[in-house]
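Structure file data20.pdb with PDB, C-alpha atoms, pLDDT in the B column:
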ATOM      1  CA  GLY V   1      -5.529   1.607  12.749  1.00 61.00           C
ATOM      2  CA  ASN V   2      -3.039  -1.170  13.588  1.00 72.00           C
ATOM      3  CA  CYS V   3      -4.371  -3.470  10.889  1.00 85.00           C
ATOM      4  CA  CYS V   4      -4.166  -4.023   7.159  1.00 91.00           C
ATOM      5  CA  SER V   5      -6.105  -1.215   5.515  1.00 93.00           C
ATOM      6  CA  VAL V   6      -7.518  -3.592   2.869  1.00 95.00           C
ATOM      7  CA  CYS V   7      -8.326  -6.940   4.534  1.00 92.00           C
ATOM      8  CA  GLY V   8      -8.339  -5.788   8.161  1.00 90.00           C
ATOM      9  CA  SER V   9      -5.885  -8.471   9.287  1.00 87.00           C
ATOM     10  CA  GLU V  10      -4.110  -7.806  12.575  1.00 82.00           C
ATOM     11  CA  GLU V  11      -2.106 -11.034  12.368  1.00 73.00           C
ATOM     12  CA  PHE V  12       1.022  -9.392  11.000  1.00 66.00           C
ATOM     13  CA  ILE V  13       1.257  -6.891  13.871  1.00 62.00           C
ATOM     14  CA  ASN V  14       2.167  -9.606  16.368  1.00 63.00           C
ATOM     15  CA  LYS V  15       4.935 -10.780  14.033  1.00 65.00           C
ATOM     16  CA  ASN V  16       6.372  -7.261  13.650  1.00 64.00           C
ATOM     17  CA  THR V  17       6.049  -7.424   9.876  1.00 69.00           C
ATOM     18  CA  VAL V  18       4.194  -4.245   9.050  1.00 70.00           C
ATOM     19  CA  ASP V  19       4.349  -3.354   5.366  1.00 84.00           C
ATOM     20  CA  VAL V  20       4.156   0.281   4.384  1.00 89.00           C
ATOM     21  CA  HIS V  21       2.920   0.346   0.819  1.00 94.00           C
ATOM     22  CA  HIS V  22       3.892   3.168  -1.527  1.00 96.00           C
ATOM     23  CA  ILE V  23       0.962   3.660  -3.899  1.00 97.00           C
ATOM     24  CA  ILE V  24       3.310   5.143  -6.473  1.00 96.00           C
ATOM     25  CA  PRO V  25       6.187   2.652  -6.122  1.00 94.00           C
ATOM     26  CA  LYS V  26       9.584   3.762  -4.883  1.00 92.00           C
ATOM     27  CA  ARG V  27      11.144   2.764  -8.207  1.00 92.00           C
ATOM     28  CA  LYS V  28       9.211   5.589  -9.902  1.00 94.00           C
ATOM     29  CA  TRP V  29      10.696   8.289  -7.677  1.00 96.00           C
ATOM     30  CA  ASP V  30      14.034  10.031  -7.520  1.00 96.00           C
ATOM     31  CA  VAL V  31      14.447   8.853  -3.934  1.00 93.00           C
ATOM     32  CA  GLU V  32      17.180  11.332  -3.073  1.00 93.00           C
ATOM     33  CA  ASN V  33      15.314  14.396  -4.356  1.00 96.00           C
ATOM     34  CA  GLU V  34      11.677  13.345  -3.892  1.00 97.00           C
ATOM     35  CA  HIS V  35      11.967  11.555  -0.545  1.00 95.00           C
ATOM     36  CA  GLU V  36       9.406  13.713   1.284  1.00 96.00           C
ATOM     37  CA  GLU V  37       6.773  13.486  -1.454  1.00 96.00           C
ATOM     38  CA  MET V  38       7.357   9.747  -1.911  1.00 96.00           C
ATOM     39  CA  ASN V  39       6.814   9.173   1.814  1.00 96.00           C
ATOM     40  CA  SER V  40       3.908  11.573   2.288  1.00 96.00           C
ATOM     41  CA  LEU V  41       0.704  10.178   3.758  1.00 95.00           C
ATOM     42  CA  SER V  42      -0.991  10.802   0.411  1.00 96.00           C
ATOM     43  CA  ASN V  43       1.206   8.041  -1.083  1.00 96.00           C
ATOM     44  CA  LEU V  44       1.204   5.501   1.758  1.00 95.00           C
ATOM     45  CA  THR V  45      -1.053   2.872   3.260  1.00 94.00           C
ATOM     46  CA  CYS V  46      -0.477  -0.024   5.645  1.00 91.00           C
ATOM     47  CA  LEU V  47      -0.887  -3.531   4.220  1.00 92.00           C
ATOM     48  CA  CYS V  48      -0.342  -7.044   5.486  1.00 89.00           C
ATOM     49  CA  PRO V  49       2.293  -8.976   3.513  1.00 88.00           C
ATOM     50  CA  LYS V  50      -0.375 -11.001   1.657  1.00 90.00           C
ATOM     51  CA  CYS V  51      -2.251  -7.930   0.423  1.00 94.00           C
ATOM     52  CA  HIS V  52       0.998  -6.135  -0.340  1.00 93.00           C
ATOM     53  CA  SER V  53       2.140  -8.908  -2.667  1.00 93.00           C
ATOM     54  CA  LYS V  54      -1.270  -9.081  -4.400  1.00 94.00           C
ATOM     55  CA  LEU V  55      -1.726  -5.329  -4.845  1.00 96.00           C
ATOM     56  CA  GLU V  56       1.803  -4.060  -5.544  1.00 95.00           C
ATOM     57  CA  GLY V  57       1.827  -1.706  -8.522  1.00 94.00           C
ATOM     58  CA  GLU V  58      -1.948  -1.399  -8.762  1.00 96.00           C
ATOM     59  CA  TRP V  59      -3.929   1.855  -8.992  1.00 96.00           C
ATOM     60  CA  GLN V  60      -0.938   4.205  -8.882  1.00 96.00           C
ATOM     61  CA  ASP V  61      -3.122   7.248  -9.562  1.00 95.00           C
ATOM     62  CA  SER V  62      -5.229   6.631  -6.446  1.00 96.00           C
ATOM     63  CA  THR V  63      -5.436   8.361  -3.115  1.00 96.00           C
ATOM     64  CA  PRO V  64      -4.944   6.040  -0.124  1.00 95.00           C
ATOM     65  CA  GLU V  65      -8.723   5.937   0.355  1.00 96.00           C
ATOM     66  CA  GLU V  66      -9.336   5.044  -3.292  1.00 97.00           C
ATOM     67  CA  PHE V  67      -6.581   2.429  -3.185  1.00 97.00           C
ATOM     68  CA  VAL V  68      -8.163   0.729  -0.162  1.00 97.00           C
ATOM     69  CA  LYS V  69     -11.612   0.749  -1.776  1.00 97.00           C
ATOM     70  CA  LYS V  70     -10.254  -0.742  -5.011  1.00 97.00           C
ATOM     71  CA  GLY V  71      -8.166  -3.265  -3.065  1.00 97.00           C
ATOM     72  CA  LYS V  72     -11.187  -4.476  -1.108  1.00 96.00           C
ATOM     73  CA  ALA V  73     -13.225  -4.824  -4.301  1.00 96.00           C
ATOM     74  CA  PHE V  74     -10.374  -6.682  -6.000  1.00 95.00           C
ATOM     75  CA  LEU V  75      -9.973  -9.153  -3.133  1.00 91.00           C
ATOM     76  CA  THR V  76     -13.725  -9.738  -3.006  1.00 89.00           C
ATOM     77  CA  THR V  77     -13.746 -10.774  -6.668  1.00 87.00           C
ATOM     78  CA  LYS V  78     -10.797 -13.168  -6.095  1.00 70.00           C
ATOM     79  CA  ILE V  79     -12.472 -15.145  -3.300  1.00 56.00           C
TER      80      ILE V  79
END
Have the structure of the file written as C-alpha cells, please.
Amino acid sequence: GNCCSVCGSEEFINKNTVDVHHIIPKRKWDVENEHEEMNSLSNLTCLCPKCHSKLEGEWQDSTPEEFVKKGKAFLTTKI
C-alpha cells in the first residue's frame, strides 16, 4: 500500500528508503538454499526505517498480518 504497514507513514517513500522487513530474520536462514522461502510474501512486510529499527526480531512466529497487528499494539503502548 505504499506506506509503512505498522504506522502508516508515507514519509519514507519520497526519500526512496523503503525497508522490506523479514519477519524471520535473514540471519536465521540458509540464504543460498532457502532464498525463495526467506523472501516469500508470508515472511515479508514493508516498514518505515523507524518501525523497522523498533520491531526488528520481534514476533518471528507471526504471519505478516499478525506482525502488523502486534506492531501497532506495541507502538501504541510506547506513546
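Candidate residues V:Ser53, V:Gln60, V:Asn2, V:Asn39 were compared for distance to Ile24 in chain V, and the nearest is V:Gln60, using all atoms listed in the file.
Going from CA of Lys28 in chain V to CA of Thr63 in chain V covers 16.4 Å.
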Notebook entry, point to check: Which residues come within 12 Å of Lys26 in chain V, counting all atoms listed in the file, excluding same-chain residues fewer than 5 positions away, as a PyMOL selection string?
Noted result: chain V and resi 20-21+31-32+34-39+43-44+56-57+60
Next item on the list: Carefully work through the PyMOL selection byres ((chain V and resi 52) around 12) for this structure and note down the residues it includes, as a PyMOL selection string.
Entry: chain V and resi 4-7+12+17-23+25+44-51+53-58+67-68+71+75
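The gap separating CA of Trp59 in chain V from CA of Ser40 in chain V is 16.8 Å, in Å to one decimal.
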As a CSV table (one decimal), in the frame of the given file, could you write out range 48-64 of chain V once it has been completed with N, CA, C and O atoms?
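Here's the written file part_27.csv:
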chain,number,residue,atom,x,y,z
V,48,CYS,N,-1.0,-5.8,5.0
V,48,CYS,CA,-0.3,-7.0,5.5
V,48,CYS,C,0.5,-7.6,4.3
V,48,CYS,O,0.3,-7.2,3.2
V,49,PRO,N,1.5,-8.5,4.6
V,49,PRO,CA,2.3,-9.0,3.5
V,49,PRO,C,1.5,-9.6,2.4
V,49,PRO,O,1.9,-9.5,1.2
V,50,LYS,N,0.4,-10.3,2.7
V,50,LYS,CA,-0.4,-11.0,1.7
V,50,LYS,C,-1.0,-10.0,0.7
V,50,LYS,O,-0.9,-10.1,-0.5
V,51,CYS,N,-1.6,-9.0,1.3
V,51,CYS,CA,-2.3,-7.9,0.4
V,51,CYS,C,-1.2,-7.2,-0.3
V,51,CYS,O,-1.4,-6.8,-1.5
V,52,HIS,N,-0.1,-6.9,0.3
V,52,HIS,CA,1.0,-6.1,-0.3
V,52,HIS,C,1.5,-6.9,-1.6
V,52,HIS,O,1.6,-6.2,-2.7
V,53,SER,N,1.7,-8.2,-1.5
V,53,SER,CA,2.1,-8.9,-2.7
V,53,SER,C,1.1,-9.0,-3.8
V,53,SER,O,1.4,-9.0,-5.0
V,54,LYS,N,-0.2,-9.0,-3.4
V,54,LYS,CA,-1.3,-9.1,-4.4
V,54,LYS,C,-1.5,-7.7,-5.1
V,54,LYS,O,-2.0,-7.7,-6.2
V,55,LEU,N,-1.3,-6.6,-4.4
V,55,LEU,CA,-1.7,-5.3,-4.8
V,55,LEU,C,-0.6,-4.4,-5.3
V,55,LEU,O,-0.8,-3.3,-5.7
V,56,GLU,N,0.6,-4.9,-5.2
V,56,GLU,CA,1.8,-4.1,-5.5
V,56,GLU,C,1.7,-3.6,-7.0
V,56,GLU,O,1.4,-4.4,-7.9
V,57,GLY,N,1.8,-2.3,-7.2
V,57,GLY,CA,1.8,-1.7,-8.5
V,57,GLY,C,0.5,-1.4,-9.1
V,57,GLY,O,0.3,-0.8,-10.1
V,58,GLU,N,-0.6,-1.7,-8.3
V,58,GLU,CA,-1.9,-1.4,-8.8
V,58,GLU,C,-2.4,0.0,-8.4
V,58,GLU,O,-1.9,0.6,-7.4
V,59,TRP,N,-3.2,0.6,-9.2
V,59,TRP,CA,-3.9,1.9,-9.0
V,59,TRP,C,-3.0,3.0,-8.5
V,59,TRP,O,-3.3,3.7,-7.5
V,60,GLN,N,-2.0,3.2,-9.3
V,60,GLN,CA,-0.9,4.2,-8.9
V,60,GLN,C,-1.4,5.6,-8.9
V,60,GLN,O,-0.8,6.5,-8.4
V,61,ASP,N,-2.6,5.9,-9.5
V,61,ASP,CA,-3.1,7.2,-9.6
V,61,ASP,C,-4.1,7.5,-8.5
V,61,ASP,O,-4.8,8.5,-8.4
V,62,SER,N,-4.2,6.6,-7.5
V,62,SER,CA,-5.2,6.6,-6.4
V,62,SER,C,-4.7,7.3,-5.2
V,62,SER,O,-3.6,7.3,-4.9
V,63,THR,N,-5.7,7.9,-4.5
V,63,THR,CA,-5.4,8.4,-3.1
V,63,THR,C,-5.4,7.1,-2.2
V,63,THR,O,-5.9,6.0,-2.7
V,64,PRO,N,-4.9,7.2,-1.0
V,64,PRO,CA,-4.9,6.0,-0.1
V,64,PRO,C,-6.4,5.5,0.1
V,64,PRO,O,-6.6,4.3,0.0
